[in-house]
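Below you'll find the structure, written out as structure tokens, and then a few comments.
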Amino acid sequence: MANKKEDQPNDYKFDTKLLHFGAEIDETTGASSVPIYQASTFHHHDIFSPPTHDYSRSGNPTRQALEDYIALLEGGVRGFAYSSGMAAISSSLMILSAGDHIIATEDVYGGTYRLLSSILTRMNIETTFVDMTDLANVKAAYRPNTKAVYMETPSNPTLRITDVAGITGWAKEKGLLTLLDNTFMTPYYQKPIEQGVDIVVHSATKFLGGHSDVLAGLAVARTEAIGAQLKQLQNGLGTVLGAQESWLLMRGMKTLGARMAHSEISAAKLAAWLMSRSDIPAVYYPGLLDHPGREIHEKQSTGYGAVVSFDVGSGERAKAVLNKVRLPLVAVSLGSVESILSYPAMMSHAAMPKDFRLERGITDGLLRFSVGLEDIDDLIADLDQALSNT
Ligand SMILES: *Cc1c(COP(=O)(O)O)cnc(C)c1O
């Protein structure tokens, strides 16, 4: 038998890395999954040589396995696990200081918008929101105190595309830190660090966890220097993920490839079916031939994902559809084994002022369908009955 420790997870293809990431077999017992080290503190057998982990906020072996796992998948040097996606995002942004300025994409996740527009502002960290589909807008927002650019592509919920390498190239010239929320694509389809992004953040609650049963966030650093800063912030802020959740997340991540591949095929079928209907004014899916930015997306991603947004024409009709569907969960969130139908105007983007929301195409008739693993024919038949007579 080959010694597992001599294996090189870095040399494997992505689907293999998902199962063989280095910690999949417990070294001590040979157990087939990472043990859940449900301990807050660690005994010093010898006071002169302290244990690797001494206190679980600063480090826990189960969380460490997850952190190494996501760093491997994203191709970064160091990973971090947090109690939620927002904990990952807020902790990472604490790298900035009072007086700094951020340029962020205008259709950023609702919770991130709230963090940037009403919490960080109290710490005198200001954000300018721009349409990032055009690099000129990003350049125009630059100020002498700009320190970071925050991206999300494809964006939520209208799946707008940002040219990641275009932004990181410019940001490097200006000495700016770049962050990217990779929740929608996951490293299965998109590895932003390869495009020069400094910090990749995730709501692992979504596709990475994949089963609507764990709330978690992850961050990955491109360089050791940034990794050291994130480590200090994670420990100092105490926004860590617990051992049970770390284990559960790894449990879900092992099937990421199979889930994404299956859901993407179904999402493409759903998008095509919606496009063929005359009663749907707009369909948003990066895989559609005329989706704006599709060519840029194809340069930086290997797939289109499992989220399809569409406009049913009015708020009344959207609510009627939500009440009539039988298969999808009608809920906040996405990226699970079961399909989830969300209503951005009243759910994920409720925190956004209405005029700001409408300007970004998040109309009262917009629905967001996260395609799960059900048979697509059943999902389409269900949506068909929900759309008819509404
Ligand atoms: C859900 C989500 C978040 C926030 O993550 P939580 O785990 O809910 O804290 C951030 N970004 C995106 C794109 C999301 O979908």
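By order in the structure tokens, chains are A, B, ...; within a chain, residues start at 1; ligands start at 1, following the order shown.
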Exercise for the section: May I have the residues within 9 Å of ligand 1, computed using only C-alpha atoms and all ligand atoms, as a PyMOL selection string? Expected result: chain A and resi 83-89+108-112+152-153+155-157+181-184+201-206+214-217+332-335+348
Could you please take those selected residues and save N, CA and C atoms as an mmCIF file, in the first residue's frame?
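Writing done, so here's out_0.cif:
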data_model
loop_
_atom_site.group_PDB
_atom_site.id
_atom_site.type_symbol
_atom_site.label_atom_id
_atom_site.label_comp_id
_atom_site.auth_asym_id
_atom_site.auth_seq_id
_atom_site.Cartn_x
_atom_site.Cartn_y
_atom_site.Cartn_z
ATOM 1 N N SER A 83 -17.833 30.946 10.467
ATOM 2 C CA SER A 83 -19.171 30.523 10.883
ATOM 3 C C SER A 83 -20.262 30.798 9.849
ATOM 4 N N SER A 84 -19.987 31.619 8.842
ATOM 5 C CA SER A 84 -20.953 31.876 7.764
ATOM 6 C C SER A 84 -20.206 32.551 6.618
ATOM 7 N N GLY A 85 -20.897 32.675 5.492
ATOM 8 C CA GLY A 85 -20.300 33.401 4.383
ATOM 9 C C GLY A 85 -20.035 34.853 4.774
ATOM 10 N N MET A 86 -20.998 35.456 5.472
ATOM 11 C CA MET A 86 -20.808 36.851 5.889
ATOM 12 C C MET A 86 -19.642 36.989 6.869
ATOM 13 N N ALA A 87 -19.416 35.973 7.704
ATOM 14 C CA ALA A 87 -18.264 36.014 8.616
ATOM 15 C C ALA A 87 -16.962 35.962 7.812
ATOM 16 N N ALA A 88 -16.955 35.180 6.735
ATOM 17 C CA ALA A 88 -15.768 35.105 5.872
ATOM 18 C C ALA A 88 -15.524 36.458 5.200
ATOM 19 N N ILE A 89 -16.604 37.064 4.698
ATOM 20 C CA ILE A 89 -16.492 38.329 3.966
ATOM 21 C C ILE A 89 -16.103 39.469 4.920
ATOM 22 N N VAL A 108 -23.755 43.373 -5.904
ATOM 23 C CA VAL A 108 -23.157 42.518 -4.896
ATOM 24 C C VAL A 108 -24.268 41.833 -4.070
ATOM 25 N N TYR A 109 -23.961 40.694 -3.474
ATOM 26 C CA TYR A 109 -24.897 39.983 -2.602
ATOM 27 C C TYR A 109 -25.504 40.952 -1.572
ATOM 28 N N GLY A 110 -26.782 40.838 -1.298
ATOM 29 C CA GLY A 110 -27.488 41.765 -0.414
ATOM 30 C C GLY A 110 -26.828 41.963 0.947
ATOM 31 N N GLY A 111 -26.386 40.884 1.556
ATOM 32 C CA GLY A 111 -25.748 40.987 2.874
ATOM 33 C C GLY A 111 -24.418 41.726 2.801
ATOM 34 N N THR A 112 -23.701 41.541 1.702
ATOM 35 C CA THR A 112 -22.426 42.234 1.516
ATOM 36 C C THR A 112 -22.688 43.724 1.295
ATOM 37 N N GLU A 152 -17.818 40.026 -7.754
ATOM 38 C CA GLU A 152 -18.698 38.876 -7.659
ATOM 39 C C GLU A 152 -19.083 38.560 -9.095
ATOM 40 N N THR A 153 -18.692 37.411 -9.603
ATOM 41 C CA THR A 153 -19.040 37.081 -10.996
ATOM 42 C C THR A 153 -19.207 35.582 -11.166
ATOM 43 N N SER A 155 -22.757 37.669 -11.139
ATOM 44 C CA SER A 155 -23.338 38.342 -9.982
ATOM 45 C C SER A 155 -24.733 37.795 -9.693
ATOM 46 N N ASN A 156 -25.226 38.211 -8.561
ATOM 47 C CA ASN A 156 -26.476 37.696 -8.032
ATOM 48 C C ASN A 156 -27.515 38.809 -8.019
ATOM 49 N N PRO A 157 -28.680 38.631 -8.585
ATOM 50 C CA PRO A 157 -29.242 37.443 -9.229
ATOM 51 C C PRO A 157 -29.265 37.533 -10.755
ATOM 52 N N ASP A 181 -16.020 37.007 -4.596
ATOM 53 C CA ASP A 181 -16.976 36.059 -4.018
ATOM 54 C C ASP A 181 -17.251 34.989 -5.075
ATOM 55 N N ASN A 182 -16.778 33.767 -4.816
ATOM 56 C CA ASN A 182 -16.851 32.680 -5.806
ATOM 57 C C ASN A 182 -17.964 31.685 -5.493
ATOM 58 N N THR A 183 -18.958 32.139 -4.729
ATOM 59 C CA THR A 183 -20.044 31.249 -4.278
ATOM 60 C C THR A 183 -20.796 30.592 -5.431
ATOM 61 N N PHE A 184 -21.109 31.362 -6.473
ATOM 62 C CA PHE A 184 -21.961 30.830 -7.547
ATOM 63 C C PHE A 184 -21.247 29.805 -8.425
ATOM 64 N N VAL A 201 -13.495 34.491 -1.514
ATOM 65 C CA VAL A 201 -14.403 34.211 -0.404
ATOM 66 C C VAL A 201 -15.594 33.385 -0.896
ATOM 67 N N HIS A 202 -16.199 32.670 0.051
ATOM 68 C CA HIS A 202 -17.325 31.790 -0.267
ATOM 69 C C HIS A 202 -18.380 31.825 0.807
ATOM 70 N N SER A 203 -19.625 31.767 0.377
ATOM 71 C CA SER A 203 -20.650 31.271 1.275
ATOM 72 C C SER A 203 -20.680 29.776 1.005
ATOM 73 N N ALA A 204 -20.057 29.001 1.890
ATOM 74 C CA ALA A 204 -20.013 27.539 1.717
ATOM 75 C C ALA A 204 -21.357 26.914 2.060
ATOM 76 N N THR A 205 -22.260 27.756 2.569
ATOM 77 C CA THR A 205 -23.648 27.360 2.837
ATOM 78 C C THR A 205 -24.320 26.880 1.548
ATOM 79 N N LYS A 206 -23.831 27.332 0.426
ATOM 80 C CA LYS A 206 -24.499 27.087 -0.852
ATOM 81 C C LYS A 206 -23.940 25.816 -1.525
ATOM 82 N N VAL A 214 -25.940 23.223 6.466
ATOM 83 C CA VAL A 214 -24.827 23.815 7.212
ATOM 84 C C VAL A 214 -24.587 25.255 6.755
ATOM 85 N N LEU A 215 -24.372 26.122 7.725
ATOM 86 C CA LEU A 215 -24.051 27.516 7.454
ATOM 87 C C LEU A 215 -22.540 27.654 7.642
ATOM 88 N N ALA A 216 -21.845 28.127 6.622
ATOM 89 C CA ALA A 216 -20.382 28.225 6.735
ATOM 90 C C ALA A 216 -19.820 29.176 5.701
ATOM 91 N N GLY A 217 -18.640 29.699 5.974
ATOM 92 C CA GLY A 217 -17.944 30.553 5.024
ATOM 93 C C GLY A 217 -16.497 30.133 4.902
ATOM 94 N N VAL A 332 -34.898 31.425 0.767
ATOM 95 C CA VAL A 332 -33.623 32.095 0.608
ATOM 96 C C VAL A 332 -32.587 30.980 0.444
ATOM 97 N N SER A 333 -31.501 31.270 -0.203
ATOM 98 C CA SER A 333 -30.391 30.335 -0.392
ATOM 99 C C SER A 333 -30.435 29.653 -1.747
ATOM 100 N N LEU A 334 -29.421 28.875 -2.025
ATOM 101 C CA LEU A 334 -29.229 28.246 -3.334
ATOM 102 C C LEU A 334 -28.164 27.172 -3.189
ATOM 103 N N GLY A 335 -27.961 26.445 -4.289
ATOM 104 C CA GLY A 335 -26.815 25.534 -4.328
ATOM 105 C C GLY A 335 -26.994 24.238 -3.580
ATOM 106 N N SER A 348 -33.284 37.865 -0.735
ATOM 107 C CA SER A 348 -31.860 38.218 -0.676
ATOM 108 C C SER A 348 -31.579 39.710 -0.850
#
Practice task
Pick out each residue of range 112-361 of chain A that DSSP on the backbone tags as helix (DSSP H, G or I); I need them as a ChimeraX atom specification.
Solution key: /A:112-123,135-140,164-174,186-189,192-195,224-237,243-253,256-275,294-300,315-324,354-359
Handout entry: Closest of A:Phe14, A:Tyr69, A:Tyr343, A:Trp273 to Leu249 in chain A - atom-to-atom distances counting only C-alpha atoms
Key =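 Among the listed residues, the smallest separation from Leu249 in chain A belongs to A:Tyr69.
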Practice task
List the neighbours of Gln64 in chain A out to 10 Å using only C-alpha atoms; skip same-chain residues closer than 5 positions along the sequence, and give me the result as a ChimeraX atom specification.
Solution key: /A:23,53,59,69,79-81,243,246
Same residues, N, CA, C and O atoms, output as a short mmCIF file (atom, residue, chain, number, x, y, z; two decimals), in the first residue's frame:
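Output file result-v2.cif follows:
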data_model
loop_
_atom_site.label_atom_id
_atom_site.label_comp_id
_atom_site.auth_asym_id
_atom_site.auth_seq_id
_atom_site.Cartn_x
_atom_site.Cartn_y
_atom_site.Cartn_z
N ALA A 23 -6.23 14.69 3.70
CA ALA A 23 -6.63 14.38 5.08
C ALA A 23 -7.83 13.43 5.10
O ALA A 23 -8.49 13.27 6.11
N HIS A 53 -1.91 22.38 17.84
CA HIS A 53 -3.10 23.21 18.10
C HIS A 53 -3.19 23.40 19.60
O HIS A 53 -3.06 22.42 20.34
N GLY A 59 -6.92 27.26 16.28
CA GLY A 59 -6.69 26.15 15.37
C GLY A 59 -7.32 24.88 15.89
O GLY A 59 -7.20 24.56 17.07
N TYR A 69 -8.17 21.81 2.58
CA TYR A 69 -8.97 21.28 1.47
C TYR A 69 -9.39 22.41 0.52
O TYR A 69 -9.15 22.35 -0.69
N GLY A 79 -6.12 28.40 3.48
CA GLY A 79 -7.57 28.53 3.56
C GLY A 79 -8.03 28.83 4.98
O GLY A 79 -7.30 28.57 5.95
N PHE A 80 -9.25 29.37 5.09
CA PHE A 80 -9.82 29.72 6.39
C PHE A 80 -11.30 29.39 6.40
O PHE A 80 -11.98 29.60 5.38
N ALA A 81 -11.78 28.87 7.53
CA ALA A 81 -13.20 28.52 7.62
C ALA A 81 -13.86 29.35 8.71
O ALA A 81 -13.32 29.53 9.80
N ALA A 243 -16.10 22.49 14.82
CA ALA A 243 -15.60 21.21 14.31
C ALA A 243 -16.70 20.39 13.63
O ALA A 243 -16.48 19.79 12.58
N SER A 246 -17.44 21.90 10.31
CA SER A 246 -16.30 21.69 9.40
C SER A 246 -16.38 20.30 8.80
O SER A 246 -16.16 20.10 7.60
#
Practice task
Have a look at CA of Ala39 in chain A and CA of Gly22 in chain A and let me know their distance in Å, one decimal.
Solution key: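 Pair CA of Ala39 in chain A / CA of Gly22 in chain A returns 22.1 Å.
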Exercise for the section: Name the residues of range 165-267 of chain A that come out as strand (DSSP E) in a backbone DSSP run; write them as a VMD selection string. Expected result: chain A and resid 177 to 181 199 to 203 217 to 221
Handout entry: Selection near Val312 in chain A, 12 Å with only C-alpha atoms, sequence-local residues under 4 positions removed, as an MDAnalysis selection string
Key = chainID A and resid 274:275 277:284 316:322 343 362:368 383 386:388 390
File of the preceding selection, N, CA, C and O atoms, as a short mmCIF file (atom, residue, chain, number, x, y, z; two decimals), in the first residue's frame:
data_model
loop_
_atom_site.label_atom_id
_atom_site.label_comp_id
_atom_site.auth_asym_id
_atom_site.auth_seq_id
_atom_site.Cartn_x
_atom_site.Cartn_y
_atom_site.Cartn_z
N LEU A 274 -37.33 28.21 -20.73
CA LEU A 274 -37.86 29.53 -20.37
C LEU A 274 -37.76 30.49 -21.55
O LEU A 274 -38.67 31.28 -21.81
N MET A 275 -36.63 30.40 -22.29
CA MET A 275 -36.42 31.27 -23.45
C MET A 275 -37.48 31.02 -24.52
O MET A 275 -37.84 31.93 -25.28
N ARG A 277 -40.54 30.44 -24.12
CA ARG A 277 -41.88 30.89 -23.73
C ARG A 277 -42.06 32.38 -24.05
O ARG A 277 -41.18 33.19 -23.81
N SER A 278 -43.25 32.72 -24.54
CA SER A 278 -43.48 34.12 -24.89
C SER A 278 -43.91 34.94 -23.67
O SER A 278 -43.92 36.17 -23.71
N ASP A 279 -44.24 34.27 -22.55
CA ASP A 279 -44.72 35.00 -21.38
C ASP A 279 -43.63 35.27 -20.34
O ASP A 279 -43.90 35.63 -19.21
N ILE A 280 -42.36 35.07 -20.75
CA ILE A 280 -41.23 35.34 -19.84
C ILE A 280 -40.38 36.44 -20.48
O ILE A 280 -39.63 36.19 -21.42
N PRO A 281 -40.48 37.67 -19.99
CA PRO A 281 -39.78 38.79 -20.64
C PRO A 281 -38.26 38.70 -20.62
O PRO A 281 -37.61 39.25 -21.51
N ALA A 282 -37.68 38.05 -19.61
CA ALA A 282 -36.21 38.00 -19.56
C ALA A 282 -35.74 36.73 -18.86
O ALA A 282 -36.34 36.29 -17.89
N VAL A 283 -34.65 36.17 -19.41
CA VAL A 283 -34.01 34.99 -18.80
C VAL A 283 -32.53 35.30 -18.66
O VAL A 283 -31.90 35.81 -19.59
N TYR A 284 -31.98 35.04 -17.49
CA TYR A 284 -30.56 35.30 -17.24
C TYR A 284 -29.86 33.99 -16.92
O TYR A 284 -30.16 33.33 -15.92
N GLU A 316 -47.02 40.52 -8.84
CA GLU A 316 -48.20 39.68 -8.55
C GLU A 316 -47.99 38.28 -9.13
O GLU A 316 -48.27 37.27 -8.48
N ARG A 317 -47.49 38.25 -10.37
CA ARG A 317 -47.31 36.95 -11.02
C ARG A 317 -46.20 36.15 -10.31
O ARG A 317 -46.32 34.94 -10.13
N ALA A 318 -45.14 36.85 -9.90
CA ALA A 318 -44.04 36.17 -9.20
C ALA A 318 -44.57 35.51 -7.93
O ALA A 318 -44.28 34.35 -7.64
N LYS A 319 -45.39 36.23 -7.18
CA LYS A 319 -45.94 35.68 -5.93
C LYS A 319 -46.87 34.51 -6.21
O LYS A 319 -46.88 33.51 -5.47
N ALA A 320 -47.66 34.62 -7.30
CA ALA A 320 -48.56 33.52 -7.65
C ALA A 320 -47.76 32.26 -7.99
O ALA A 320 -48.11 31.15 -7.55
N VAL A 321 -46.66 32.44 -8.75
CA VAL A 321 -45.82 31.29 -9.11
C VAL A 321 -45.22 30.66 -7.85
O VAL A 321 -45.23 29.44 -7.68
N LEU A 322 -44.74 31.51 -6.95
CA LEU A 322 -44.13 31.00 -5.71
C LEU A 322 -45.14 30.18 -4.90
O LEU A 322 -44.78 29.19 -4.27
N TYR A 343 -37.10 34.64 -4.26
CA TYR A 343 -37.69 35.88 -4.73
C TYR A 343 -36.79 37.03 -4.25
O TYR A 343 -36.95 37.54 -3.15
N ILE A 362 -33.19 44.06 -10.73
CA ILE A 362 -33.81 43.15 -9.76
C ILE A 362 -35.24 43.63 -9.57
O ILE A 362 -35.60 44.29 -8.61
N THR A 363 -36.04 43.29 -10.58
CA THR A 363 -37.41 43.78 -10.64
C THR A 363 -38.32 42.99 -9.70
O THR A 363 -37.93 41.95 -9.16
N ASP A 364 -39.55 43.46 -9.55
CA ASP A 364 -40.51 42.77 -8.69
C ASP A 364 -40.95 41.43 -9.30
O ASP A 364 -41.49 40.58 -8.59
N GLY A 365 -40.72 41.25 -10.60
CA GLY A 365 -41.11 40.00 -11.24
C GLY A 365 -39.98 38.99 -11.36
O GLY A 365 -40.14 37.94 -11.98
N LEU A 366 -38.81 39.31 -10.79
CA LEU A 366 -37.64 38.44 -10.98
C LEU A 366 -37.63 37.27 -9.98
O LEU A 366 -37.76 37.47 -8.78
N LEU A 367 -37.46 36.07 -10.52
CA LEU A 367 -37.31 34.87 -9.69
C LEU A 367 -35.95 34.26 -9.96
O LEU A 367 -35.42 34.37 -11.07
N ARG A 368 -35.38 33.61 -8.95
CA ARG A 368 -34.07 32.97 -9.11
C ARG A 368 -34.22 31.48 -8.80
O ARG A 368 -34.63 31.10 -7.71
N LEU A 383 -42.93 23.84 -13.05
CA LEU A 383 -42.90 25.28 -13.30
C LEU A 383 -43.95 25.66 -14.35
O LEU A 383 -44.57 26.73 -14.27
N ALA A 386 -47.17 26.00 -12.68
CA ALA A 386 -47.19 27.21 -11.82
C ALA A 386 -47.33 28.48 -12.65
O ALA A 386 -47.92 29.46 -12.21
N LEU A 387 -46.77 28.46 -13.89
CA LEU A 387 -46.81 29.65 -14.74
C LEU A 387 -48.14 29.77 -15.49
O LEU A 387 -48.54 30.88 -15.87
N SER A 388 -48.83 28.64 -15.69
CA SER A 388 -50.06 28.71 -16.49
C SER A 388 -51.16 29.30 -15.61
O SER A 388 -51.25 29.01 -14.41
N THR A 390 -51.38 32.19 -14.48
CA THR A 390 -50.97 33.19 -13.48
C THR A 390 -50.61 34.48 -14.21
O THR A 390 -50.29 34.47 -15.37
#
Practice task
Rank A:Asp378, A:Ser32, A:Leu159, A:Gly76 by their smallest atom-to-atom distance to Thr223 in chain A, using only C-alpha atoms, and report the top residue only.
Solution key: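 Checking each candidate against Thr223 in chain A, we get A:Gly76 as the closest.
Counting only C-alpha atoms and comparing A:Lys324, A:Gln190, A:Ala351, A:Thr29, the residue that lies closest to Ser118 in chain A is A:Ala351.
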Which range 187-300 of chain A residues have any atom within 12 Å of an atom of range 34-38 of chain A, and for each, what is the nearest pair of atoms with distance in Å to one decimal, counting only C-alpha atoms, rows sorted by chain and number, as JSON lines?
{"residue": "A:Leu241", "atom": "CA", "partner": "A:Gln38", "partner_atom": "CA", "distance": 11.9}
{"residue": "A:Gly242", "atom": "CA", "partner": "A:Gln38", "partner_atom": "CA", "distance": 8.3}
{"residue": "A:Ala243", "atom": "CA", "partner": "A:Ile36", "partner_atom": "CA", "distance": 5.8}
{"residue": "A:Gln244", "atom": "CA", "partner": "A:Ile36", "partner_atom": "CA", "distance": 6.2}
{"residue": "A:Glu245", "atom": "CA", "partner": "A:Ile36", "partner_atom": "CA", "distance": 9.2}
{"residue": "A:Ser246", "atom": "CA", "partner": "A:Ile36", "partner_atom": "CA", "distance": 8.3}
{"residue": "A:Trp247", "atom": "CA", "partner": "A:Ile36", "partner_atom": "CA", "distance": 6.4}
{"residue": "A:Leu248", "atom": "CA", "partner": "A:Ile36", "partner_atom": "CA", "distance": 9.5}
{"residue": "A:Leu249", "atom": "CA", "partner": "A:Val34", "partner_atom": "CA", "distance": 11.4}
{"residue": "A:Met250", "atom": "CA", "partner": "A:Val34", "partner_atom": "CA", "distance": 8.7}
{"residue": "A:Arg251", "atom": "CA", "partner": "A:Val34", "partner_atom": "CA", "distance": 9.4}
Exercise for the section: Fewer than 6 positions away in the same chain doesn't count, so skip those; otherwise give me all residues within 12 Å of range 42-51 of chain A, counting only C-alpha atoms, as a ChimeraX atom specification. Expected result: /A:57-61
Exercise for the section: Using only C-alpha atoms, determine which residues lie at most 7 Å from range 163-165 of chain A, disregarding the query and same-chain residues fewer than 3 positions distant; provide the list as a PyMOL selection string. Expected result: chain A and resi 168-169+195-196+296
Exercise for the section: Show which residues sit within 8 Å of Pro187 in chain A, as a PyMOL selection string. Count only C-alpha atoms, and ignore same-chain residues fewer than 4 positions away. Expected result: chain A and resi 73-74+182+191
Problem - Atom-to-atom span, CA of Ser342 in chain A and CA of Leu289 in chain A, Å - result: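 Going from CA of Ser342 in chain A over to CA of Leu289 in chain A covers 24.3 Å.
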Practice task
Could you tell me how far CA of Ile161 in chain A lies from CA of Gly75 in chain A, in Å and to one decimal?
Solution key: 21.8 Å
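Minimum atom-to-atom distances from A:Leu373, A:Ala71, A:Ile265, A:Met123 to His101 in chain A were compared using only C-alpha atoms, and the lowest value belongs to A:Met123.
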Practice task
Go through A:Leu256, A:Ala331, A:Leu180, A:Met185 one by one, measure the shortest atom-to-atom distance of each to Met347 in chain A using only C-alpha atoms, and give the residue with the smallest value.
Solution key: A:Ala331
Per-residue nearest contacts of range 67-121 of chain A to range 143-147 of chain A (8 Å; only C-alpha atoms) as a tab-separated table:
residue	atom	partner	partner_atom	distance
A:Leu96	CA	A:Lys147	CA	7.5
A:Gly99	CA	A:Asn145	CA	7.1
A:Asp100	CA	A:Asn145	CA	5.4
A:His101	CA	A:Thr146	CA	4.3
A:Ile102	CA	A:Thr146	CA	5.7
A:Ile103	CA	A:Thr146	CA	7.4
Could you take the residues named above and write them with all heavy atoms, as an mmCIF file, in the first residue's frame?
data_model
loop_
_atom_site.group_PDB
_atom_site.id
_atom_site.type_symbol
_atom_site.label_atom_id
_atom_site.label_comp_id
_atom_site.auth_asym_id
_atom_site.auth_seq_id
_atom_site.Cartn_x
_atom_site.Cartn_y
_atom_site.Cartn_z
ATOM 1 N N LEU A 96 -8.747 45.922 5.870
ATOM 2 C CA LEU A 96 -8.701 47.356 5.586
ATOM 3 C C LEU A 96 -8.721 48.160 6.883
ATOM 4 O O LEU A 96 -9.012 47.630 7.952
ATOM 5 C CB LEU A 96 -9.893 47.739 4.698
ATOM 6 C CG LEU A 96 -9.927 47.023 3.343
ATOM 7 C CD1 LEU A 96 -11.201 47.339 2.596
ATOM 8 C CD2 LEU A 96 -8.712 47.387 2.497
ATOM 9 N N GLY A 99 -10.475 55.043 6.854
ATOM 10 C CA GLY A 99 -9.969 55.968 5.843
ATOM 11 C C GLY A 99 -9.791 55.308 4.480
ATOM 12 O O GLY A 99 -9.615 56.002 3.479
ATOM 13 N N ASP A 100 -9.850 53.973 4.442
ATOM 14 C CA ASP A 100 -9.677 53.267 3.162
ATOM 15 C C ASP A 100 -10.974 53.315 2.346
ATOM 16 O O ASP A 100 -12.065 53.473 2.885
ATOM 17 C CB ASP A 100 -9.285 51.800 3.400
ATOM 18 C CG ASP A 100 -7.860 51.651 3.923
ATOM 19 O OD1 ASP A 100 -7.122 52.660 3.929
ATOM 20 O OD2 ASP A 100 -7.497 50.524 4.320
ATOM 21 N N HIS A 101 -10.806 53.118 1.055
ATOM 22 C CA HIS A 101 -11.930 53.139 0.115
ATOM 23 C C HIS A 101 -11.945 51.842 -0.691
ATOM 24 O O HIS A 101 -10.891 51.338 -1.088
ATOM 25 C CB HIS A 101 -11.771 54.357 -0.819
ATOM 26 C CG HIS A 101 -12.743 54.409 -1.954
ATOM 27 N ND1 HIS A 101 -12.355 54.269 -3.278
ATOM 28 C CD2 HIS A 101 -14.092 54.578 -1.968
ATOM 29 C CE1 HIS A 101 -13.428 54.371 -4.054
ATOM 30 N NE2 HIS A 101 -14.491 54.553 -3.284
ATOM 31 N N ILE A 102 -13.155 51.311 -0.898
ATOM 32 C CA ILE A 102 -13.333 50.057 -1.643
ATOM 33 C C ILE A 102 -14.141 50.356 -2.907
ATOM 34 O O ILE A 102 -15.063 51.175 -2.873
ATOM 35 C CB ILE A 102 -14.124 49.018 -0.801
ATOM 36 C CG1 ILE A 102 -13.460 48.783 0.564
ATOM 37 C CG2 ILE A 102 -14.309 47.702 -1.553
ATOM 38 C CD1 ILE A 102 -14.315 47.962 1.528
ATOM 39 N N ILE A 103 -13.808 49.679 -4.003
ATOM 40 C CA ILE A 103 -14.668 49.709 -5.187
ATOM 41 C C ILE A 103 -15.313 48.327 -5.264
ATOM 42 O O ILE A 103 -14.609 47.306 -5.281
ATOM 43 C CB ILE A 103 -13.855 49.993 -6.478
ATOM 44 C CG1 ILE A 103 -13.087 51.316 -6.335
ATOM 45 C CG2 ILE A 103 -14.788 50.026 -7.688
ATOM 46 C CD1 ILE A 103 -12.080 51.568 -7.474
#
